[in-house]
Every structure is written in C-alpha cells, then in structure tokens.
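**Student:** As input, take model-v9.cif (mmCIF, C-alpha atoms):
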```
data_target
#
loop_
_atom_site.label_atom_id
_atom_site.label_comp_id
_atom_site.auth_asym_id
_atom_site.auth_seq_id
_atom_site.Cartn_x
_atom_site.Cartn_y
_atom_site.Cartn_z
CA MET A 420 -21.17 -155.65 -117.85
CA PHE A 421 -20.45 -156.06 -114.17
CA THR A 422 -23.96 -155.96 -112.78
CA LYS A 423 -25.31 -157.91 -109.84
CA ALA A 424 -26.98 -160.33 -112.27
CA PHE A 425 -23.68 -160.80 -114.11
CA TRP A 426 -21.82 -161.70 -110.92
CA ARG A 427 -24.64 -163.97 -109.74
CA ALA A 428 -24.54 -165.92 -113.00
CA THR A 429 -20.73 -165.98 -113.04
CA SER A 430 -20.61 -167.21 -109.44
CA GLU A 431 -23.11 -169.94 -110.20
CA ARG A 432 -21.01 -171.03 -113.17
CA ALA A 433 -17.84 -171.08 -111.05
CA VAL A 434 -19.42 -173.16 -108.28
CA ARG A 435 -20.92 -175.58 -110.79
CA THR A 436 -17.60 -175.97 -112.62
CA GLY A 437 -15.67 -176.48 -109.40
CA ALA A 438 -18.13 -179.13 -108.20
CA GLN A 439 -17.95 -180.96 -111.53
CA VAL A 440 -14.15 -181.03 -111.47
CA LEU A 441 -14.08 -182.21 -107.85
CA ALA A 442 -16.58 -184.99 -108.58
CA ALA A 443 -14.68 -186.06 -111.69
CA THR A 444 -11.31 -186.03 -109.92
CA LEU A 445 -12.47 -188.04 -106.94
CA GLY A 446 -14.47 -190.37 -109.18
CA LEU A 447 -11.46 -191.09 -111.35
CA ASP A 448 -9.43 -191.71 -108.20
CA THR A 449 -12.03 -194.22 -107.04
CA LEU A 450 -11.86 -196.01 -110.37
CA GLY A 451 -8.07 -196.09 -110.20
CA VAL A 452 -7.59 -194.01 -113.33
CA ILE A 453 -5.64 -191.31 -111.50
CA HIS A 454 -4.33 -190.95 -107.97
CA ALA A 455 -5.74 -187.82 -106.34
CA ASP A 456 -6.53 -187.19 -102.72
CA TRP A 457 -8.98 -184.59 -101.39
CA GLY A 458 -6.30 -181.89 -101.42
CA ASP A 459 -5.51 -182.51 -105.08
CA GLY A 460 -9.19 -182.59 -105.93
CA LEU A 461 -9.89 -179.33 -104.13
CA SER A 462 -6.90 -177.65 -105.77
CA LEU A 463 -8.15 -178.65 -109.21
CA ALA A 464 -11.70 -177.57 -108.34
CA VAL A 465 -10.60 -174.12 -107.14
CA GLY A 466 -8.42 -173.67 -110.22
CA ALA A 467 -11.30 -174.61 -112.51
CA ALA A 468 -13.67 -172.26 -110.67
CA LEU A 469 -11.18 -169.41 -111.04
CA LEU A 470 -10.86 -170.15 -114.75
CA ALA A 471 -14.66 -170.11 -115.06
CA VAL A 472 -14.76 -166.62 -113.51
CA LEU A 473 -11.95 -165.39 -115.76
CA THR A 474 -13.72 -166.85 -118.80
CA GLY A 475 -16.94 -165.08 -117.83
CA VAL A 476 -15.13 -161.75 -117.51
CA ALA A 477 -13.14 -162.20 -120.71
CA THR A 478 -16.16 -163.16 -122.80
CA ALA A 479 -18.65 -160.75 -121.27
CA GLY A 480 -20.98 -159.75 -124.06
CA GLY A 481 -22.09 -156.45 -122.59
CA PRO A 482 -24.69 -155.86 -119.91
CA GLU A 483 -26.65 -159.04 -120.64
CA GLY A 484 -24.50 -161.85 -119.33
CA PRO A 485 -21.20 -163.46 -118.47
CA GLY A 486 -20.72 -165.08 -121.87
CA ILE A 487 -20.81 -164.20 -125.54
CA THR A 488 -24.09 -165.98 -126.24
CA GLU A 489 -25.67 -165.87 -122.79
CA THR A 490 -28.24 -163.53 -121.36
CA VAL A 491 -29.00 -163.02 -117.71
CA ARG A 492 -32.48 -162.18 -116.57
CA THR A 493 -32.59 -159.39 -114.05
CA ARG A 494 -35.26 -159.41 -111.39
CA ARG A 495 -37.51 -156.43 -111.22
#
```
As structure tokens, how would this structure be written, given the file I've shared?

**Tutor:**
Amino acid sequence: MFTKAFWRATSERAVRTGAQVLAATLGLDTLGVIHADWGDGLSLAVGAALLAVLTGVATAGGPEGPGITETVRTRR
C-alpha cells in the first residue's frame, strides 16, 4: 500500500487539491462572494491538501493506488 508510487500519486493529488482550493478561494474573494486574504486562502489550501492525503490513506485499495478505484503505474 505505501509504495513510492502510492506516495507520488497521493502527493500529486494533495498539491492539485490545495491549488484548486487556493484558486477558488482567491477567485471568490475577487468576485466579492467571500472575504478571504492570502492567509485565509493558504490555510484552506493546506487543510484541503491534508484531507486529500488522509483520504488517499483511508481509501487505499492495496498496492495499486491511493484510492479505491485508482491504479498507479510503477516505473520499471
């Protein structure tokens, strides 16, 4: 379950999720929907990235990947 490929895929998911949350938070601030500064946006992004890692660990489907239905290709 916790192979190098697993952690690579989980890390990619966490970075992607964090970036999406940061972009959404700052975008909504720009539109005036919410009021969030960079500190708030980064806090939300880090929290979302941590949740993405915890989700990957909790739903690890064995040695193949970080999710129930995902598979990770290992390089040979």

**Student:** Given the file above and the PyMOL selection byres ((chain A and resi 470) around 12), which residues are selected, and can you give them as a list in words?

**Tutor:**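 When the PyMOL selection byres ((chain A and resi 470) around 12) is applied, the selected residues are Thr429, Ser430, Arg432, Ala433, Val434, Thr436, Gly437, Val440, Leu463, Ala464, Val465, Gly466, Ala467, Ala468, Leu469, Ala471, Val472, Leu473, Thr474, Gly475, Val476, Ala477 and Thr478 of chain A.
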
**Student:** Could you name the residues that touch segment 444-450 of chain A at 9 Å or less, counting all atoms listed in the file, but leaving out those on the same chain fewer than 5 positions away, as a list in words?

**Tutor:**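 My reading of the contact set: Gln439, Ala455, Asp456, Trp457, Asp459, Gly460, Leu461, Leu463 and Ala464 of chain A.
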
**Student:** What is the atom CA of Ala424 of chain A to atom CA of Ala479 of chain A distance in Å?

**Tutor:** 12.3 Å

**Student:** Hey, could you pull the box centre and edge lengths for segment 467-481 of chain A, axis-aligned, 3 Å padding per side, all listed atoms, to one decimal in Å, as lines of an AutoDock Vina configuration file?

**Tutor:**
```
center_x = -16.5
center_y = -165.5
center_z = -117.4
size_x = 17.2
size_y = 24.2
size_z = 19.4
```
